[in-house]
$ cat data29.txt   # compact mmCIF, C-alpha atoms
# COMPACT_ATOMS: atom_id res chain seq x y z
CA MET C 41 128.84 189.33 175.16
CA GLN C 42 132.53 188.63 174.64
CA LEU C 43 133.47 187.40 171.22
CA PHE C 44 136.34 184.96 170.84
CA SER C 45 137.77 186.93 167.90
CA GLN C 46 137.94 190.06 170.07
CA ARG C 47 140.26 188.73 172.81
CA PRO C 48 142.91 191.24 173.98
CA ALA C 49 146.37 191.22 172.44
CA ARG C 50 149.01 189.39 174.40
CA ASN C 51 150.89 192.27 175.93
CA GLY C 52 151.39 193.81 179.37
CA ALA C 53 148.70 194.23 181.99
CA VAL C 54 145.88 193.73 179.50
CA TRP C 55 146.93 190.14 178.81
CA ASN C 56 147.69 189.41 182.47
CA ASN C 57 144.30 190.71 183.56
CA TRP C 58 142.53 188.67 180.90
CA ASN C 59 144.53 185.54 181.72
CA SER C 60 143.76 185.81 185.44
CA THR C 61 140.01 185.70 184.77
CA PHE C 62 140.18 183.16 181.97
CA PRO C 63 142.53 180.24 182.77
CA LEU C 64 144.80 178.84 180.09
CA ASN C 65 143.16 175.42 180.07
CA VAL C 66 139.80 177.04 179.29
CA TYR C 67 141.46 179.11 176.55
CA LEU C 68 142.95 175.99 174.93
CA GLN C 69 139.68 174.09 175.27
CA SER C 70 137.83 177.00 173.68
CA ILE C 71 140.14 176.93 170.67
CA GLN C 72 139.46 173.22 170.27
CA ASP C 73 135.71 173.78 170.62
CA LEU C 74 135.69 176.43 167.91
CA ILE C 75 137.51 174.35 165.30
CA MET C 76 134.87 173.16 162.84
CA LYS C 77 135.33 169.65 161.52
CA LYS C 78 134.01 168.42 158.18
CA GLU C 79 131.32 166.49 160.04
CA ASP C 80 130.19 169.72 161.72
CA LEU C 81 129.90 171.49 158.39
CA ILE C 82 127.86 168.68 156.84
CA GLN C 83 125.64 168.53 159.93
CA ILE C 84 124.88 172.25 159.63
CA CYS C 85 123.95 171.78 155.97
CA HIS C 86 121.68 168.86 156.85
CA HIS C 87 119.95 170.93 159.52
CA ILE C 88 119.32 173.81 157.12
CA TRP C 89 118.63 171.77 153.95
CA PRO C 90 117.62 168.24 155.01
CA TYR C 91 116.75 167.25 151.43
CA LEU C 92 120.34 167.51 150.17
CA THR C 93 122.06 164.31 149.09
CA LYS C 94 125.62 163.30 149.91
CA GLU C 95 126.59 163.69 146.23
CA GLU C 96 125.56 167.34 146.27
CA PHE C 97 128.09 168.12 148.97
CA LEU C 98 130.83 167.11 146.55
CA HIS C 99 129.86 169.99 144.25
CA HIS C 100 132.52 172.70 144.25
CA ASN C 101 129.92 175.33 145.13
CA TYR C 102 129.80 173.96 148.68
CA THR C 103 133.39 174.97 149.23
CA SER C 104 132.24 178.56 149.70
CA VAL C 105 129.40 177.35 151.97
CA PHE C 106 131.84 175.54 154.24
CA GLU C 107 134.15 178.54 154.25
CA TYR C 108 131.24 180.74 155.32
CA PHE C 109 130.29 178.40 158.17
CA THR C 110 133.91 178.12 159.29
CA GLU C 111 134.38 181.88 159.31
CA ASN C 112 131.27 182.34 161.42
CA GLY C 113 132.35 179.51 163.71
CA ARG C 114 135.40 181.50 164.75
CA THR C 115 133.16 184.09 166.42
CA ALA C 116 131.26 181.69 168.68
CA PRO C 117 130.58 183.42 172.03
CA ILE C 118 132.31 181.98 175.09
CA ARG C 119 132.05 182.64 178.81
CA ARG C 120 135.11 184.16 180.41
CA ASN C 121 134.22 183.97 184.09
CA SER C 122 133.63 180.25 184.53
CA LEU C 123 135.03 176.91 183.44
CA ASP C 124 132.07 176.42 181.11
CA SER C 125 132.54 177.43 177.50
CA ILE C 126 130.19 177.67 174.53
CA GLY C 127 131.63 176.01 171.47
CA ILE C 128 130.42 175.39 167.97
CA SER C 129 128.58 172.21 168.97
CA GLU C 130 126.07 174.22 171.01
CA VAL C 131 125.49 176.57 168.10
CA ILE C 132 124.93 173.60 165.77
CA SER C 133 122.38 172.22 168.23
CA ILE C 134 120.56 175.57 168.20
CA ILE C 135 120.53 175.51 164.38
CA GLY C 136 118.94 172.06 164.51
CA GLN C 137 116.36 173.25 167.01
CA LEU C 138 115.43 176.34 164.99
CA THR C 139 115.08 174.41 161.72
CA THR C 140 113.10 171.41 163.03
CA VAL C 141 110.77 172.76 165.72
CA ASP C 142 107.46 174.03 164.40
CA ASN C 143 106.92 177.77 164.94
CA ALA C 144 110.44 178.19 166.31
CA LEU C 145 110.76 181.38 164.27
CA ALA C 146 107.13 182.44 164.58
CA SER C 147 108.23 184.98 167.16
CA ARG C 148 111.41 186.25 168.73
CA ALA C 149 110.40 184.80 172.09
CA ASN C 150 110.00 181.33 170.56
CA ALA C 151 113.48 181.53 169.02
CA ILE C 152 115.07 182.55 172.32
CA THR C 153 113.28 179.69 174.09
CA CYS C 154 114.60 177.22 171.50
CA ALA C 155 118.13 178.54 171.97
CA ARG C 156 117.90 178.26 175.76
CA LEU C 157 116.87 174.62 175.51
CA LYS C 158 120.29 173.82 174.02
CA LEU C 159 122.34 175.85 176.50
CA PRO C 160 123.08 175.50 180.22
CA ASP C 161 120.56 177.20 182.48
CA SER C 162 123.31 179.42 183.87
CA MET C 163 123.96 181.10 180.53
CA SER C 164 123.45 184.87 180.55
CA GLU C 165 120.91 186.58 178.34
CA SER C 166 123.66 188.17 176.24
CA THR C 167 125.32 184.79 175.62
CA VAL C 168 122.01 183.23 174.58
CA LEU C 169 121.31 186.09 172.20
CA GLY C 170 124.85 185.86 170.82
CA CYS C 171 124.42 182.16 170.06
CA LEU C 172 121.00 182.81 168.52
CA ASP C 173 122.40 185.59 166.32
CA MET C 174 125.17 183.34 165.12
CA ALA C 175 122.81 180.44 164.38
CA LEU C 176 120.45 182.68 162.39
CA ARG C 177 123.37 184.20 160.48
CA MET C 178 124.52 180.72 159.47
CA ILE C 179 121.03 179.71 158.37
CA LEU C 180 120.03 182.87 156.50
CA THR C 181 123.23 184.82 155.69
CA LEU C 182 121.51 187.82 157.29
CA ASN C 183 122.29 189.81 160.41
CA ILE C 184 119.24 189.55 162.68
CA ARG C 185 118.94 191.76 165.75
CA PRO C 186 116.19 191.70 168.38
CA ILE C 187 115.21 194.97 169.99
CA SER C 188 117.22 194.17 173.12
CA HIS C 189 120.38 194.62 171.04
CA LEU C 190 119.44 198.14 170.02
CA ARG C 191 119.35 201.57 171.50
CA ASP C 192 116.39 203.87 171.18
CA LEU C 193 115.44 203.58 167.50
CA SER C 194 114.28 207.18 167.46
CA THR C 195 117.86 208.37 167.97
CA SER C 196 119.70 205.43 166.39
CA PRO C 197 117.95 204.37 163.17
CA MET C 198 118.42 200.80 162.06
CA PRO C 199 121.23 200.32 159.51
CA PRO C 200 119.88 198.94 156.23
CA THR C 201 122.24 195.95 156.48
CA ILE C 202 120.64 194.63 159.71
CA ILE C 203 117.21 193.01 160.04
CA TYR C 204 115.25 194.39 163.00
CA TRP C 205 113.17 191.59 164.52
CA ARG C 206 110.22 193.14 166.32
CA PRO C 207 108.59 191.09 169.10
CA ASP C 208 105.19 191.06 167.35
CA LEU C 209 106.46 189.66 164.02
CA SER C 210 107.61 186.29 162.79
CA LEU C 211 111.10 186.28 161.36
CA HIS C 212 109.61 185.73 157.88
CA ASP C 213 107.50 188.88 158.23
CA ALA C 214 110.38 190.87 159.77
CA ILE C 215 112.63 190.06 156.79
CA GLU C 216 109.88 190.92 154.33
CA ALA C 217 109.17 194.22 156.11
CA HIS C 218 112.86 195.11 156.08
CA PHE C 219 113.26 194.63 152.33
CA ILE C 220 110.06 196.51 151.59
CA GLU C 221 111.03 199.42 153.84
CA ASN C 222 114.50 199.65 152.33
CA THR C 223 113.30 199.50 148.73
CA GLN C 224 114.02 202.83 147.08
CA VAL C 225 111.00 204.48 145.52
CA THR C 226 112.56 207.36 143.60
CA ARG C 227 111.94 205.53 140.32
CA SER C 228 109.36 203.01 141.46
CA MET C 229 107.50 203.26 138.15
CA THR C 230 110.61 202.70 136.02
CA THR C 231 110.07 199.91 133.52
CA GLY C 232 111.50 198.81 130.20
CA ARG C 233 113.63 196.19 128.53
CA ILE C 234 117.17 195.78 129.85
CA ASP C 235 120.04 195.43 127.39
CA PRO C 236 120.99 191.72 127.59
CA SER C 237 124.68 192.62 127.25
CA ILE C 238 124.73 194.22 130.71
CA SER C 239 127.08 192.61 133.21
CA LEU C 240 129.00 193.69 136.27
CA PRO C 241 132.35 192.49 134.83
CA TYR C 242 131.64 194.85 131.92
CA LEU C 243 131.15 197.77 134.34
CA CYS C 244 134.39 196.83 136.09
CA THR C 245 136.32 196.62 132.83
CA TYR C 246 134.93 199.63 130.97
CA ARG C 247 133.44 201.91 133.63
CA GLY C 248 136.06 201.72 136.37
CA PHE C 249 133.87 200.06 139.05
CA ARG C 250 134.96 197.37 141.49
CA ILE C 251 133.02 194.54 143.16
CA PHE C 252 133.02 193.92 146.90
CA TRP C 253 131.73 190.43 147.70
CA THR C 254 129.47 190.09 150.73
CA SER C 255 127.83 187.26 152.69
CA ASN C 256 124.98 189.52 153.82
CA LEU C 257 121.99 189.45 151.48
CA ALA C 258 120.79 192.80 152.85
CA GLU C 259 123.90 194.46 151.37
CA HIS C 260 123.32 193.08 147.88
CA LEU C 261 123.78 195.63 145.05
CA SER C 262 124.45 198.58 147.31
CA ILE C 263 126.59 201.12 145.44
CA SER C 264 129.27 203.43 146.78
CA TRP C 265 129.40 206.19 144.19
CA ASN C 266 132.44 207.94 145.65
CA SER C 267 134.66 204.87 145.61
CA LYS C 268 132.85 203.23 142.65
CA ILE C 269 132.26 199.96 144.50
CA ILE C 270 129.28 197.66 143.92
CA THR C 271 128.56 195.20 146.73
CA VAL C 272 127.40 191.79 145.49
CA TYR C 273 125.98 188.86 147.45
CA GLU C 274 128.15 185.86 146.65
CA HIS C 275 126.18 182.86 147.99
CA LYS C 276 123.84 181.95 145.16
CA ILE C 277 123.87 178.39 146.48
CA PHE C 278 122.10 179.55 149.66
CA LEU C 279 119.35 181.25 147.65
CA TRP C 280 118.87 178.21 145.47
CA ASN C 281 118.79 175.72 148.36
CA HIS C 282 116.31 177.84 150.34
CA LEU C 283 114.13 178.15 147.25
CA ARG C 284 114.11 174.38 146.79
CA ASP C 285 112.49 173.93 150.20
CA THR C 286 108.90 172.86 149.67
CA LYS C 287 107.84 174.32 153.01
CA ARG C 288 107.38 178.00 153.79
CA THR C 289 110.80 179.58 153.60
CA VAL C 290 112.04 181.95 156.31
CA ILE C 291 113.26 184.38 153.67
CA PRO C 292 110.18 185.17 151.52
CA ARG C 293 110.26 183.42 148.15
CA PRO C 294 109.89 186.63 146.10
CA ILE C 295 113.11 187.95 147.69
CA LEU C 296 114.97 184.69 146.99
CA GLU C 297 113.72 184.60 143.40
CA GLU C 298 114.56 188.23 142.69
CA ALA C 299 118.04 187.91 144.20
CA ILE C 300 118.72 184.96 141.87
CA ASP C 301 117.35 186.99 138.96
CA THR C 302 119.78 189.82 139.68
CA LEU C 303 122.73 187.40 139.66
CA ASN C 304 121.47 185.79 136.44
CA LEU C 305 121.17 189.23 134.87
CA LEU C 306 124.47 190.69 136.00
CA PHE C 307 126.61 187.56 135.52
CA PRO C 308 125.37 186.05 132.20
CA LEU C 309 126.46 182.45 131.79
CA ASN C 310 127.67 182.53 128.19
CA ASP C 311 129.60 185.78 128.41
CA PRO C 312 133.39 185.28 128.04
CA LEU C 313 134.21 188.42 130.02
CA THR C 314 132.04 187.20 132.92
CA LYS C 315 133.60 183.74 132.87
CA THR C 316 137.08 185.22 133.01
CA TYR C 317 136.18 187.63 135.79
CA LEU C 318 134.55 184.97 138.00
CA THR C 319 137.46 182.60 137.47
CA GLN C 320 139.97 185.29 138.43
CA ASN C 321 137.99 186.03 141.60
CA GLY C 322 137.48 182.38 142.57
CA LYS C 323 133.66 182.47 142.28
CA THR C 324 131.98 179.29 141.13
CA PHE C 325 128.26 180.09 141.33
CA SER C 326 127.96 180.23 137.54
CA GLY C 327 128.07 176.42 137.72
CA LEU C 328 124.57 176.51 139.22
CA GLY C 329 123.12 177.81 135.95
CA TYR C 330 120.00 179.94 136.13
CA CYS C 331 118.48 177.90 139.02
CA THR C 332 115.30 177.22 136.99
CA ARG C 333 114.69 180.97 136.73
CA PRO C 334 114.12 182.09 133.09
CA ARG C 335 116.69 184.75 132.21
CA ASP C 336 114.22 186.51 129.93
CA ARG C 337 112.29 187.44 133.04
CA SER C 338 115.34 189.19 134.47
CA LEU C 339 115.56 191.37 131.36
CA GLU C 340 112.33 193.18 132.27
CA LEU C 341 113.06 196.01 134.68
CA GLY C 342 109.42 196.14 135.75
CA LYS C 343 109.70 192.57 137.09
CA PHE C 344 112.06 193.70 139.83
CA ASN C 345 110.59 195.03 143.06
CA PHE C 346 113.23 194.95 145.79
CA TRP C 347 116.28 195.80 143.66
CA ARG C 348 114.61 197.70 140.79
CA ASP C 349 116.23 201.08 141.43
CA ARG C 350 119.67 199.55 141.89
CA ILE C 351 119.31 197.68 138.62
CA ALA C 352 118.16 200.93 137.00
CA ASP C 353 121.29 202.65 138.36
CA LEU C 354 123.49 199.94 136.85
CA VAL C 355 121.70 200.21 133.51
CA GLY C 356 122.32 203.97 133.60
CA ILE C 357 126.02 203.36 134.23
CA MET C 358 126.09 200.88 131.36
CA ASN C 359 124.58 203.43 128.99
CA GLU C 360 127.02 206.21 129.87
CA GLN C 361 129.62 207.11 127.28
CA PRO C 362 133.16 206.20 128.33
CA ARG C 363 135.36 209.04 129.44
CA GLY C 364 139.07 209.69 129.48
CA LEU C 365 141.36 206.95 128.22
CA ARG C 366 138.50 204.41 128.10
CA GLN C 367 137.08 206.07 125.00
CA LEU C 368 140.25 205.11 123.12
CA ALA C 369 139.22 201.46 123.05
CA LEU C 370 136.27 199.99 121.16
CA GLU C 371 134.01 198.20 123.60
CA ARG C 372 132.50 194.80 122.93
CA ASN C 373 129.50 194.75 120.58
CA GLY C 374 130.61 198.16 119.29
CA ARG C 375 128.62 199.93 122.02
CA ASN C 376 130.76 203.08 121.79
CA MET C 377 131.25 202.93 118.02
CA MET C 378 130.22 206.54 117.30
CA PRO C 379 132.37 208.17 120.03
CA PHE C 380 135.20 205.79 119.13
CA VAL C 381 135.06 206.69 115.40
CA THR C 382 134.59 210.40 116.11
CA PHE C 383 137.56 210.48 118.46
CA TRP C 384 139.92 208.63 116.15
CA VAL C 385 138.84 210.53 113.01
CA ALA C 386 139.42 213.81 114.84
CA THR C 387 142.77 212.49 116.07
CA ALA C 388 143.76 211.42 112.54
CA VAL C 389 142.79 214.81 111.13
CA ALA C 390 144.84 216.55 113.83
CA ILE C 391 147.86 214.34 113.15
CA LEU C 392 147.63 214.90 109.39
CA THR C 393 147.32 218.63 109.97
CA ILE C 394 150.44 218.64 112.11
CA LEU C 395 152.34 216.52 109.59
CA ASN C 396 151.20 218.78 106.72
CA LEU C 397 152.31 221.98 108.45
CA PRO C 398 155.98 221.86 107.31
CA PHE C 399 154.88 221.24 103.72
CA ALA C 400 152.49 224.19 103.94
CA ILE C 401 155.31 226.44 105.18
CA VAL C 402 157.63 225.29 102.38
CA SER C 403 154.87 225.78 99.81
CA MET C 404 154.19 229.29 101.10
CA ARG C 405 157.91 230.14 101.00
CA TYR C 406 158.19 228.75 97.46
CA ALA C 407 155.18 230.85 96.36
CA MET C 408 156.80 233.97 97.82
CA LEU C 409 160.01 233.27 95.91
CA GLN C 410 158.05 232.77 92.71
CA TYR C 411 156.32 236.07 93.30
CA ASP C 412 159.63 237.87 93.83
CA LEU C 413 161.07 236.30 90.66
CA ALA C 414 158.05 237.25 88.56
CA LEU C 415 158.15 240.80 89.88
CA ALA C 416 161.87 241.09 89.10
CA GLN C 417 161.28 239.89 85.57
CA ALA C 418 158.42 242.31 85.08
CA CYS C 419 160.43 245.27 86.39
CA SER C 420 163.36 244.44 84.14
CA ASP C 421 161.37 245.64 81.13
CA PRO C 422 162.48 249.17 80.04
CA GLY C 423 159.01 250.65 80.31
CA ALA C 424 158.05 248.94 83.57
CA GLN C 425 158.53 252.04 85.73
CA ASN C 426 155.90 253.84 83.66
CA THR C 427 153.44 250.93 83.37
CA LEU C 428 153.92 249.47 86.92
CA PRO C 429 154.96 252.46 89.03
CA GLN C 430 153.47 250.91 92.23
CA PHE C 431 155.68 247.78 91.91
CA CYS C 432 158.75 249.02 90.06
CA GLY C 433 159.13 252.56 91.36
$ encode --input "data29.txt" --output "structure tokens"
Amino acid sequence: MQLFSQRPARNGAVWNNWNSTFPLNVYLQSIQDLIMKKEDLIQICHHIWPYLTKEEFLHHNYTSVFEYFTENGRTAPIRRNSLDSIGISEVISIIGQLTTVDNALASRANAITCARLKLPDSMSESTVLGCLDMALRMILTLNIRPISHLRDLSTSPMPPTIIYWRPDLSLHDAIEAHFIENTQVTRSMTTGRIDPSISLPYLCTYRGFRIFWTSNLAEHLSISWNSKIITVYEHKIFLWNHLRDTKRTVIPRPILEEAIDTLNLLFPLNDPLTKTYLTQNGKTFSGLGYCTRPRDRSLELGKFNFWRDRIADLVGIMNEQPRGLRQLALERNGRNMMPFVTFWVATAVAILTILNLPFAIVSMRYAMLQYDLALAQACSDPGAQNTLPQFCG
């Protein structure tokens, strides 16, 4: 499958060879086909969430939704060896088919059949699968791969950021199996109350971590310890809209609910540091509130199943004492009060000791002079050599 975004650079024989097999008029038409209009974006939203009202689309949170659809639209697969091209309209039609036909996602074969119904009969298997992948990615913000896209799994294990859709499973069950299989179990029995002051902006400010925003839910809260990067899923609006669906959701409800709980926990609404951080990074999902999920629930570590160990890791980072220059500043809520006081008291004592050193030297010199004077006076007595032979001899 040839992706539009992977076309060769315009130089030398590479460009000439590509141009000879893909005429310029098809190239220009393909560009036009891949440009997503506002009507296309709204149509995709209506296919995925038919219960949304027109007023809801005016909410600023849908700006990021439209940006996500547009970015994915630029990678629509096209055919290079014929005058037919696959544009975004075909992908939108597939999205409509997958979201309206009963049992369309009950099996991988059903999904492929639905995709083929919206494409010319001459389309290759790889093009059909490419369009299906793109449609599912727009609907779910997950990378779904059927087995035909993979090598032998015994030698090439599935990356944890990709959902493997086995032929014998519905997509709902495949997603659920993926999250269960990739749940860490090293501290599966860890429970306890989470400090409500925890937040990812706090870890960025006081612990030296950075946030990488992702559109793939399977990457949510993965941590790179070497580079101190925490990957965070940024489309809370997708989670909330899927959860509002009264029918059986493709992504299991417990996963949607827990993902929202993690965002509620790690980006508290009334925290000034969080508000500043999200504003600086252009993220608006705090405007959605807690999405009817009680925040008290997210403060119980034992309530988390899929992201429990990652939350436990973040709590551990939060509880670490600051090191280096960070210990010089008092953190909010006085969390590092004892190290802060100990450091600055020790520093003050050291400074006072250094400042007092010259006075100590002068005092010692003055005492020595007094001693010499007293000795001279004592030895000036006529009988001093007999009474103090050891000093006046």
$ residues_around --input "data29.txt" --residues "region 282-297 of chain C" --least-positions-apart "5" --cutoff "7 Å" --atoms "only C-alpha atoms" --output "list in words"
Leu211, His212, Ile215 and Glu216 of chain C
$ atom_distance --input "data29.txt" --atom1 "CA of Asp80 (chain C)" --atom2 "CA of Ile300 (chain C)"
27.5 Å
$ atom_distance --input "data29.txt" --atom1 "CA of Tyr273 (chain C)" --atom2 "CA of Thr254 (chain C)"
4.9 Å
$ closest_residue --input "data29.txt" --among "C:Glu221, C:Glu274, C:Glu130, C:Asp173" --to "Ile251 (chain C)" --atoms "only C-alpha atoms"
C:Glu274
$ atom_distance --input "data29.txt" --atom1 "CA of Tyr317 (chain C)" --atom2 "CA of Arg177 (chain C)"
28.0 Å
$ residues_around --input "data29.txt" --residues "Gly342 (chain C)" --least-positions-apart "2" --cutoff "12 Å" --atoms "all atoms listed in the file" --output "ChimeraX atom specification"
/C:227-234,298,337-340,344-349,351-352
$ residues_around --input "data29.txt" --residues "Met178 (chain C)" --least-positions-apart "3" --cutoff "12 Å" --atoms "all atoms listed in the file" --output "ChimeraX atom specification"
/C:81,84-85,87-88,105-113,115-116,128,131-132,134-136,138-139,171-175,181-184,255-256,275,278
$ write_last_selection --input "data29.txt" --atoms "C-alpha atoms" --output "PDB file, keeping the file's coordinate frame"
ATOM      1  CA  LEU C  81     129.900 171.490 158.390  1.00  0.00           C
ATOM      2  CA  ILE C  84     124.880 172.250 159.630  1.00  0.00           C
ATOM      3  CA  CYS C  85     123.950 171.780 155.970  1.00  0.00           C
ATOM      4  CA  HIS C  87     119.950 170.930 159.520  1.00  0.00           C
ATOM      5  CA  ILE C  88     119.320 173.810 157.120  1.00  0.00           C
ATOM      6  CA  VAL C 105     129.400 177.350 151.970  1.00  0.00           C
ATOM      7  CA  PHE C 106     131.840 175.540 154.240  1.00  0.00           C
ATOM      8  CA  GLU C 107     134.150 178.540 154.250  1.00  0.00           C
ATOM      9  CA  TYR C 108     131.240 180.740 155.320  1.00  0.00           C
ATOM     10  CA  PHE C 109     130.290 178.400 158.170  1.00  0.00           C
ATOM     11  CA  THR C 110     133.910 178.120 159.290  1.00  0.00           C
ATOM     12  CA  GLU C 111     134.380 181.880 159.310  1.00  0.00           C
ATOM     13  CA  ASN C 112     131.270 182.340 161.420  1.00  0.00           C
ATOM     14  CA  GLY C 113     132.350 179.510 163.710  1.00  0.00           C
ATOM     15  CA  THR C 115     133.160 184.090 166.420  1.00  0.00           C
ATOM     16  CA  ALA C 116     131.260 181.690 168.680  1.00  0.00           C
ATOM     17  CA  ILE C 128     130.420 175.390 167.970  1.00  0.00           C
ATOM     18  CA  VAL C 131     125.490 176.570 168.100  1.00  0.00           C
ATOM     19  CA  ILE C 132     124.930 173.600 165.770  1.00  0.00           C
ATOM     20  CA  ILE C 134     120.560 175.570 168.200  1.00  0.00           C
ATOM     21  CA  ILE C 135     120.530 175.510 164.380  1.00  0.00           C
ATOM     22  CA  GLY C 136     118.940 172.060 164.510  1.00  0.00           C
ATOM     23  CA  LEU C 138     115.430 176.340 164.990  1.00  0.00           C
ATOM     24  CA  THR C 139     115.080 174.410 161.720  1.00  0.00           C
ATOM     25  CA  CYS C 171     124.420 182.160 170.060  1.00  0.00           C
ATOM     26  CA  LEU C 172     121.000 182.810 168.520  1.00  0.00           C
ATOM     27  CA  ASP C 173     122.400 185.590 166.320  1.00  0.00           C
ATOM     28  CA  MET C 174     125.170 183.340 165.120  1.00  0.00           C
ATOM     29  CA  ALA C 175     122.810 180.440 164.380  1.00  0.00           C
ATOM     30  CA  THR C 181     123.230 184.820 155.690  1.00  0.00           C
ATOM     31  CA  LEU C 182     121.510 187.820 157.290  1.00  0.00           C
ATOM     32  CA  ASN C 183     122.290 189.810 160.410  1.00  0.00           C
ATOM     33  CA  ILE C 184     119.240 189.550 162.680  1.00  0.00           C
ATOM     34  CA  SER C 255     127.830 187.260 152.690  1.00  0.00           C
ATOM     35  CA  ASN C 256     124.980 189.520 153.820  1.00  0.00           C
ATOM     36  CA  HIS C 275     126.180 182.860 147.990  1.00  0.00           C
ATOM     37  CA  PHE C 278     122.100 179.550 149.660  1.00  0.00           C
TER      38      PHE C 278
END
$ residues_around --input "data29.txt" --residues "Val355 (chain C)" --least-positions-apart "6" --cutoff "10 Å" --atoms "only C-alpha atoms" --output "PDB file with C-alpha atoms, keeping the file's coordinate frame"
ATOM      1  CA  ILE C 234     117.170 195.780 129.850  1.00  0.00           C
ATOM      2  CA  ASP C 235     120.040 195.430 127.390  1.00  0.00           C
ATOM      3  CA  ILE C 238     124.730 194.220 130.710  1.00  0.00           C
ATOM      4  CA  SER C 239     127.080 192.610 133.210  1.00  0.00           C
ATOM      5  CA  LEU C 243     131.150 197.770 134.340  1.00  0.00           C
ATOM      6  CA  LEU C 341     113.060 196.010 134.680  1.00  0.00           C
ATOM      7  CA  ASP C 349     116.230 201.080 141.430  1.00  0.00           C
TER       8      ASP C 349
END
$ closest_residue --input "data29.txt" --among "C:Leu318, C:Ala390, C:Leu279, C:Leu395" --to "Ile179 (chain C)" --atoms "only C-alpha atoms"
C:Leu279
